[in-house]
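Notes for the one structure printed next.
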Amino acid sequence: MEKVYFIGAGPGDPELITVKGRRLIEEADVIIYAGSLVNPLVFAGAKPEAQIYDSSSMTLPEVIRVIADGAAAGKRVVRLHTGDPSVYGAHREQMDWLERLGIPYEVAPGVSSFVAAAAALRREYTLPGVSQTVILTRMEGRTAVPEREQIESLAAHQATMVIFLSVGAIETLSRRLAEGGYPEDTPVAVVYRASWPDQKIIRGDLSDIARKVREAGITKTALVTVGRFLGNDFELSKLYDEQFGHGYRPARAKREEGRQSDGI
């Protein structure tokens with residue numbers, strides 16, 4: 001039986017899929033992709049005879065049937081998920097089903113939209129002296145979140161936050177972030193369709209981001225990033241500090257001491 005491949009298709013830009021992912025797509029006989037999110041250009045290099053299914057209108061049993069039939073026929077089946085499937089990808093339930101059916105599979109990771117958003121913003125989520133923690137989360141909607149993971153509880157840490165699937169309720173989200181502990185002047189940036197040609201970035205703070213997002217007409221497919229990492233005040237990294245030594249480079253004082261002992 002042919003192995004099935006779950007592939008992270010990347011955030012949108014077809015060049016942001018991995019080399020392995022692209023190769024597997026080019027070899028695929030059957031491709032199932034999340035049509036509401038995956039850029040069709042990602043599988044533009046597929047074989048002309050490849051069977052392509054848009055899973056946006058399919059149920060889980062229907063997806064599994066296509067996968068199982070293809071694998072049983074000895075076909076290379078590729079299941080494309082947007083970004084990286086480990087983040088809000090709903091692929092665990094598919095993997096569990098394949099295990100019950102005895103169908104071998106492999107996961108090829110991809111570039112998540114939260115990484116593409118940082119690239120678009122030209123910012124680093126983990127700035128020294130600002131935040132060394134990144135919280136990936138969502139606000140509850142039609143899908144609940146555990147009580148211990150409510151926005152207010154997570155906001156109390158004032159770490160870097162990247163909030164998925166919540167921009168449609170940006171007013172409520174902003175209020176709850178402030179109630180949780182972020183000051184009103186905390187920088188916020190909303191990235192719409194990161195890495196796509198129509199990408200948009202809306203910048204503000206907790207006091208005005210809701211109005212700006214509403215005026216821009218953004219209601220979905222956007223990430224909300226929150227935290228002081230969006231500012232310009234931070235400490236320099238110790239990694240390249242000449243006074244800070246590590247296994248690959250001694251501190252400057254140690255290097256000078258070594259030169260003196262060598263008579264340099």
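Going by the structure tokens order, chains are called A, B, ..., each with residues numbered from 1, while ligands are numbered from 1 in the order shown.
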Taking the DSSP assignment computed from this structure's backbone, write out as a PyMOL selection string all residues of region 15-245 of chain A that belong to strand (DSSP E or B). chain A and resi 30-33+51-54+77-81+83+105-108+134-138+160-164+187-192+200-205+222-226
Can you check which parts of region 42-76 of chain A lie within 10 Å of region 27-31 of chain A? Per residue, the shortest pair of atoms and distance in Å to one decimal, counting only C-alpha atoms, sorted by chain and number, as a Markdown table.
| residue | atom | partner | partner_atom | distance |
| --- | --- | --- | --- | --- |
| A:Phe43 | CA | A:Ile31 | CA | 8.5 |
| A:Gly45 | CA | A:Glu27 | CA | 9.3 |
| A:Ala46 | CA | A:Ala28 | CA | 6.9 |
| A:Lys47 | CA | A:Glu27 | CA | 7.2 |
| A:Pro48 | CA | A:Asp29 | CA | 9.4 |
| A:Glu49 | CA | A:Asp29 | CA | 7.4 |
| A:Ala50 | CA | A:Asp29 | CA | 4.6 |
| A:Gln51 | CA | A:Val30 | CA | 4.7 |
| A:Ile52 | CA | A:Ile31 | CA | 4.8 |
| A:Tyr53 | CA | A:Ile31 | CA | 6.2 |
| A:Asp54 | CA | A:Ile31 | CA | 8.6 |
| A:Ser55 | CA | A:Ile31 | CA | 9.9 |
| A:Val66 | CA | A:Val30 | CA | 8.5 |
| A:Ile67 | CA | A:Val30 | CA | 8.1 |
| A:Gly70 | CA | A:Val30 | CA | 6.9 |
| A:Ala71 | CA | A:Val30 | CA | 9.2 |
| A:Gly74 | CA | A:Asp29 | CA | 9.4 |
| A:Lys75 | CA | A:Asp29 | CA | 5.6 |
| A:Arg76 | CA | A:Ala28 | CA | 4.9 |
Can I get the selected residues back with all heavy atoms, as a compact mmCIF listing (two decimals), in the first residue's frame?
# COMPACT_ATOMS: atom_id res chain seq x y z
N PHE A 43 0.01 23.75 -6.18
CA PHE A 43 0.06 22.47 -6.90
C PHE A 43 -0.03 22.65 -8.41
O PHE A 43 -0.46 21.77 -9.14
CB PHE A 43 -1.02 21.50 -6.39
CG PHE A 43 -2.42 22.04 -6.38
CD1 PHE A 43 -3.23 21.98 -7.50
CD2 PHE A 43 -2.94 22.61 -5.23
CE1 PHE A 43 -4.53 22.46 -7.48
CE2 PHE A 43 -4.24 23.09 -5.19
CZ PHE A 43 -5.03 23.02 -6.33
N GLY A 45 2.35 22.52 -10.37
CA GLY A 45 3.28 21.60 -11.01
C GLY A 45 2.86 20.15 -10.94
O GLY A 45 3.65 19.25 -11.25
N ALA A 46 1.61 19.90 -10.55
CA ALA A 46 1.13 18.52 -10.46
C ALA A 46 1.03 17.88 -11.84
O ALA A 46 0.93 18.57 -12.86
CB ALA A 46 -0.24 18.49 -9.78
N LYS A 47 1.05 16.56 -11.86
CA LYS A 47 0.92 15.84 -13.12
C LYS A 47 -0.45 16.14 -13.75
O LYS A 47 -1.45 16.23 -13.02
CB LYS A 47 1.06 14.33 -12.88
CG LYS A 47 2.43 13.92 -12.38
CD LYS A 47 2.58 12.41 -12.28
CE LYS A 47 1.70 11.81 -11.23
NZ LYS A 47 2.04 10.37 -11.00
N PRO A 48 -0.52 16.28 -15.06
CA PRO A 48 -1.81 16.58 -15.72
C PRO A 48 -2.90 15.57 -15.39
O PRO A 48 -4.08 15.92 -15.31
CB PRO A 48 -1.46 16.56 -17.20
CG PRO A 48 0.01 16.84 -17.26
CD PRO A 48 0.58 16.21 -16.04
N GLU A 49 -2.50 14.32 -15.18
CA GLU A 49 -3.48 13.27 -14.93
C GLU A 49 -3.83 13.12 -13.45
O GLU A 49 -4.66 12.28 -13.07
CB GLU A 49 -2.98 11.92 -15.46
CG GLU A 49 -1.76 11.37 -14.76
CD GLU A 49 -0.44 11.86 -15.36
OE1 GLU A 49 -0.44 12.90 -16.04
OE2 GLU A 49 0.58 11.18 -15.13
N ALA A 50 -3.22 13.92 -12.59
CA ALA A 50 -3.50 13.81 -11.15
C ALA A 50 -4.95 14.16 -10.85
O ALA A 50 -5.51 15.09 -11.42
CB ALA A 50 -2.57 14.72 -10.36
N GLN A 51 -5.56 13.39 -9.94
CA GLN A 51 -6.92 13.68 -9.49
C GLN A 51 -6.85 14.70 -8.36
O GLN A 51 -6.12 14.50 -7.39
CB GLN A 51 -7.60 12.41 -9.00
CG GLN A 51 -7.74 11.32 -10.04
CD GLN A 51 -8.22 10.02 -9.41
OE1 GLN A 51 -7.44 9.23 -8.89
NE2 GLN A 51 -9.53 9.82 -9.42
N ILE A 52 -7.59 15.79 -8.49
CA ILE A 52 -7.52 16.87 -7.51
C ILE A 52 -8.90 17.09 -6.88
O ILE A 52 -9.89 17.24 -7.59
CB ILE A 52 -7.01 18.17 -8.17
CG1 ILE A 52 -5.59 17.94 -8.71
CG2 ILE A 52 -7.01 19.31 -7.16
CD1 ILE A 52 -5.00 19.13 -9.43
N TYR A 53 -8.93 17.10 -5.56
CA TYR A 53 -10.17 17.26 -4.81
C TYR A 53 -10.08 18.48 -3.89
O TYR A 53 -9.06 18.65 -3.21
CB TYR A 53 -10.46 16.03 -3.95
CG TYR A 53 -10.67 14.75 -4.72
CD1 TYR A 53 -9.56 13.98 -5.13
CD2 TYR A 53 -11.94 14.30 -5.03
CE1 TYR A 53 -9.74 12.79 -5.83
CE2 TYR A 53 -12.13 13.10 -5.73
CZ TYR A 53 -11.03 12.37 -6.13
OH TYR A 53 -11.21 11.20 -6.82
N ASP A 54 -11.13 19.27 -3.88
CA ASP A 54 -11.22 20.41 -2.97
C ASP A 54 -11.99 19.95 -1.74
O ASP A 54 -13.18 19.65 -1.81
CB ASP A 54 -11.95 21.56 -3.67
CG ASP A 54 -12.10 22.79 -2.79
OD1 ASP A 54 -11.78 22.71 -1.59
OD2 ASP A 54 -12.57 23.82 -3.31
N SER A 55 -11.32 19.91 -0.59
CA SER A 55 -11.95 19.37 0.62
C SER A 55 -12.86 20.36 1.33
O SER A 55 -13.51 19.99 2.32
CB SER A 55 -10.88 18.88 1.60
OG SER A 55 -10.10 19.98 2.08
N VAL A 66 -11.53 9.00 -0.07
CA VAL A 66 -10.66 9.31 -1.21
C VAL A 66 -9.23 8.87 -0.91
O VAL A 66 -8.55 8.28 -1.76
CB VAL A 66 -10.71 10.81 -1.54
CG1 VAL A 66 -9.66 11.18 -2.59
CG2 VAL A 66 -12.10 11.20 -2.05
N ILE A 67 -8.77 9.17 0.30
CA ILE A 67 -7.40 8.78 0.68
C ILE A 67 -7.25 7.26 0.67
O ILE A 67 -6.30 6.72 0.09
CB ILE A 67 -7.06 9.33 2.08
CG1 ILE A 67 -6.98 10.86 2.06
CG2 ILE A 67 -5.73 8.75 2.58
CD1 ILE A 67 -6.76 11.48 3.44
N GLY A 70 -7.35 5.72 -2.85
CA GLY A 70 -6.13 6.00 -3.59
C GLY A 70 -4.97 5.16 -3.09
O GLY A 70 -4.21 4.58 -3.89
N ALA A 71 -4.82 5.07 -1.77
CA ALA A 71 -3.72 4.29 -1.20
C ALA A 71 -3.86 2.82 -1.55
O ALA A 71 -2.88 2.14 -1.87
CB ALA A 71 -3.68 4.49 0.31
N GLY A 74 -2.61 1.84 -4.86
CA GLY A 74 -1.18 2.05 -5.08
C GLY A 74 -0.84 3.42 -5.60
O GLY A 74 0.25 3.63 -6.16
N LYS A 75 -1.73 4.39 -5.38
CA LYS A 75 -1.49 5.75 -5.85
C LYS A 75 -0.84 6.59 -4.76
O LYS A 75 -1.05 6.36 -3.57
CB LYS A 75 -2.81 6.40 -6.29
CG LYS A 75 -3.48 5.71 -7.46
CD LYS A 75 -4.79 6.39 -7.83
CE LYS A 75 -5.44 5.73 -9.03
NZ LYS A 75 -6.72 6.37 -9.41
N ARG A 76 -0.03 7.56 -5.18
CA ARG A 76 0.57 8.50 -4.23
C ARG A 76 -0.49 9.56 -3.90
O ARG A 76 -0.90 10.32 -4.76
CB ARG A 76 1.80 9.15 -4.87
CG ARG A 76 2.39 10.34 -4.11
CD ARG A 76 3.01 9.95 -2.79
NE ARG A 76 4.04 8.94 -2.91
CZ ARG A 76 5.30 9.20 -3.24
NH1 ARG A 76 5.69 10.43 -3.51
NH2 ARG A 76 6.17 8.21 -3.30
Interatomic distance (Å, one decimal) between CA of Arg79 (chain A) and CA of Leu98 (chain A):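 Spanning CA of Arg79 (chain A) to CA of Leu98 (chain A) is a straight-line distance of 12.3 Å.
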For Leu136 (chain A), list every protein, DNA or RNA residue within 10 Å, evaluated using only C-alpha atoms, and leave out those in the same chain fewer than 5 positions away; present the list as a list in words.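 Counting only C-alpha atoms, the residues come to Val87, Phe114, Leu154, Thr160, Met161, Val162, Ile163, Phe164 and Thr225 of chain A.
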For the residues in the current selection, export all heavy atoms as a PDB file, in the first residue's frame.
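New file again39.pdb:
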ATOM      1  N   VAL A  87      -0.817  23.379  13.314  1.00  0.00           N
ATOM      2  CA  VAL A  87      -1.455  24.539  13.937  1.00  0.00           C
ATOM      3  C   VAL A  87      -2.831  24.740  13.311  1.00  0.00           C
ATOM      4  O   VAL A  87      -2.949  25.158  12.157  1.00  0.00           O
ATOM      5  CB  VAL A  87      -0.599  25.817  13.756  1.00  0.00           C
ATOM      6  CG1 VAL A  87      -1.257  27.000  14.457  1.00  0.00           C
ATOM      7  CG2 VAL A  87       0.813  25.597  14.288  1.00  0.00           C
ATOM      8  N   PHE A 114       1.800  32.246  10.961  1.00  0.00           N
ATOM      9  CA  PHE A 114       2.308  33.138  12.001  1.00  0.00           C
ATOM     10  C   PHE A 114       3.772  33.489  11.742  1.00  0.00           C
ATOM     11  O   PHE A 114       4.238  34.578  12.100  1.00  0.00           O
ATOM     12  CB  PHE A 114       2.088  32.546  13.402  1.00  0.00           C
ATOM     13  CG  PHE A 114       3.144  31.620  13.914  1.00  0.00           C
ATOM     14  CD1 PHE A 114       4.214  32.113  14.647  1.00  0.00           C
ATOM     15  CD2 PHE A 114       3.055  30.252  13.706  1.00  0.00           C
ATOM     16  CE1 PHE A 114       5.186  31.256  15.155  1.00  0.00           C
ATOM     17  CE2 PHE A 114       4.011  29.394  14.208  1.00  0.00           C
ATOM     18  CZ  PHE A 114       5.085  29.896  14.935  1.00  0.00           C
ATOM     19  N   LEU A 154      -4.444  34.328  29.367  1.00  0.00           N
ATOM     20  CA  LEU A 154      -3.207  34.345  28.592  1.00  0.00           C
ATOM     21  C   LEU A 154      -2.615  35.756  28.537  1.00  0.00           C
ATOM     22  O   LEU A 154      -1.393  35.928  28.554  1.00  0.00           O
ATOM     23  CB  LEU A 154      -3.475  33.832  27.181  1.00  0.00           C
ATOM     24  CG  LEU A 154      -4.011  32.400  27.088  1.00  0.00           C
ATOM     25  CD1 LEU A 154      -4.272  32.025  25.633  1.00  0.00           C
ATOM     26  CD2 LEU A 154      -3.046  31.412  27.718  1.00  0.00           C
ATOM     27  N   THR A 160       4.378  37.809  23.973  1.00  0.00           N
ATOM     28  CA  THR A 160       3.981  37.977  22.578  1.00  0.00           C
ATOM     29  C   THR A 160       2.812  37.034  22.311  1.00  0.00           C
ATOM     30  O   THR A 160       2.866  35.851  22.643  1.00  0.00           O
ATOM     31  CB  THR A 160       5.146  37.621  21.638  1.00  0.00           C
ATOM     32  OG1 THR A 160       6.214  38.549  21.853  1.00  0.00           O
ATOM     33  CG2 THR A 160       4.717  37.660  20.187  1.00  0.00           C
ATOM     34  N   MET A 161       1.763  37.562  21.704  1.00  0.00           N
ATOM     35  CA  MET A 161       0.615  36.731  21.369  1.00  0.00           C
ATOM     36  C   MET A 161       0.334  36.811  19.873  1.00  0.00           C
ATOM     37  O   MET A 161       0.416  37.882  19.270  1.00  0.00           O
ATOM     38  CB  MET A 161      -0.638  37.143  22.148  1.00  0.00           C
ATOM     39  CG  MET A 161      -0.592  36.751  23.601  1.00  0.00           C
ATOM     40  SD  MET A 161      -2.130  37.134  24.502  1.00  0.00           S
ATOM     41  CE  MET A 161      -3.246  35.955  23.781  1.00  0.00           C
ATOM     42  N   VAL A 162       0.019  35.655  19.291  1.00  0.00           N
ATOM     43  CA  VAL A 162      -0.432  35.578  17.903  1.00  0.00           C
ATOM     44  C   VAL A 162      -1.785  34.890  17.939  1.00  0.00           C
ATOM     45  O   VAL A 162      -1.883  33.720  18.351  1.00  0.00           O
ATOM     46  CB  VAL A 162       0.553  34.785  17.026  1.00  0.00           C
ATOM     47  CG1 VAL A 162       0.083  34.792  15.576  1.00  0.00           C
ATOM     48  CG2 VAL A 162       1.959  35.361  17.140  1.00  0.00           C
ATOM     49  N   ILE A 163      -2.809  35.607  17.535  1.00  0.00           N
ATOM     50  CA  ILE A 163      -4.177  35.131  17.720  1.00  0.00           C
ATOM     51  C   ILE A 163      -4.792  34.809  16.362  1.00  0.00           C
ATOM     52  O   ILE A 163      -4.943  35.673  15.501  1.00  0.00           O
ATOM     53  CB  ILE A 163      -5.005  36.183  18.469  1.00  0.00           C
ATOM     54  CG1 ILE A 163      -4.287  36.539  19.784  1.00  0.00           C
ATOM     55  CG2 ILE A 163      -6.414  35.665  18.747  1.00  0.00           C
ATOM     56  CD1 ILE A 163      -4.819  37.765  20.469  1.00  0.00           C
ATOM     57  N   PHE A 164      -5.132  33.554  16.190  1.00  0.00           N
ATOM     58  CA  PHE A 164      -5.729  33.051  14.961  1.00  0.00           C
ATOM     59  C   PHE A 164      -7.256  33.163  15.031  1.00  0.00           C
ATOM     60  O   PHE A 164      -7.839  33.194  16.111  1.00  0.00           O
ATOM     61  CB  PHE A 164      -5.374  31.571  14.762  1.00  0.00           C
ATOM     62  CG  PHE A 164      -3.941  31.279  14.412  1.00  0.00           C
ATOM     63  CD1 PHE A 164      -2.924  31.449  15.337  1.00  0.00           C
ATOM     64  CD2 PHE A 164      -3.605  30.814  13.146  1.00  0.00           C
ATOM     65  CE1 PHE A 164      -1.608  31.150  15.013  1.00  0.00           C
ATOM     66  CE2 PHE A 164      -2.297  30.522  12.811  1.00  0.00           C
ATOM     67  CZ  PHE A 164      -1.295  30.684  13.744  1.00  0.00           C
ATOM     68  N   THR A 225      -1.508  40.088  15.983  1.00  0.00           N
ATOM     69  CA  THR A 225      -0.283  39.959  16.773  1.00  0.00           C
ATOM     70  C   THR A 225      -0.254  41.077  17.806  1.00  0.00           C
ATOM     71  O   THR A 225      -0.564  42.224  17.497  1.00  0.00           O
ATOM     72  CB  THR A 225       0.972  40.012  15.890  1.00  0.00           C
ATOM     73  OG1 THR A 225       1.086  41.318  15.293  1.00  0.00           O
ATOM     74  CG2 THR A 225       0.896  38.973  14.777  1.00  0.00           C
TER      75      THR A 225
END
Closest atom pairs, region 53-120 of chain A residues within 12 Å of region 197-209 of chain A, only C-alpha atoms, as CSV:
residue,atom,partner,partner_atom,distance
A:Ser113,CA,A:Gln199,CA,11.7
A:Ala116,CA,A:Gln199,CA,10.7
A:Ala117,CA,A:Ile201,CA,9.1
A:Ala118,CA,A:Ile201,CA,11.0
A:Ala119,CA,A:Ile201,CA,11.6
A:Ala120,CA,A:Ile201,CA,8.1
Could you save the residues just selected, with N, CA and C atoms, as a PDB file, in the first residue's frame?
ATOM      1  N   SER A 113       1.431  30.443   8.899  1.00  0.00           N
ATOM      2  CA  SER A 113       1.094  31.844   8.643  1.00  0.00           C
ATOM      3  C   SER A 113       1.626  32.766   9.728  1.00  0.00           C
ATOM      4  N   ALA A 116       5.005  33.654   8.601  1.00  0.00           N
ATOM      5  CA  ALA A 116       4.915  34.574   7.466  1.00  0.00           C
ATOM      6  C   ALA A 116       4.502  35.968   7.923  1.00  0.00           C
ATOM      7  N   ALA A 117       3.672  36.029   8.958  1.00  0.00           N
ATOM      8  CA  ALA A 117       3.253  37.331   9.485  1.00  0.00           C
ATOM      9  C   ALA A 117       4.431  38.081  10.083  1.00  0.00           C
ATOM     10  N   ALA A 118       5.294  37.387  10.827  1.00  0.00           N
ATOM     11  CA  ALA A 118       6.480  38.030  11.391  1.00  0.00           C
ATOM     12  C   ALA A 118       7.386  38.560  10.290  1.00  0.00           C
ATOM     13  N   ALA A 119       7.506  37.780   9.207  1.00  0.00           N
ATOM     14  CA  ALA A 119       8.333  38.225   8.081  1.00  0.00           C
ATOM     15  C   ALA A 119       7.738  39.476   7.443  1.00  0.00           C
ATOM     16  N   ALA A 120       6.413  39.494   7.296  1.00  0.00           N
ATOM     17  CA  ALA A 120       5.758  40.657   6.710  1.00  0.00           C
ATOM     18  C   ALA A 120       5.925  41.894   7.590  1.00  0.00           C
TER      19      ALA A 120
END
I'd like the interatomic distance between CA of Thr126 (chain A) and CA of Gly231 (chain A), to a tenth of an Å.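 Interatomic distance here is 12.0 Å.
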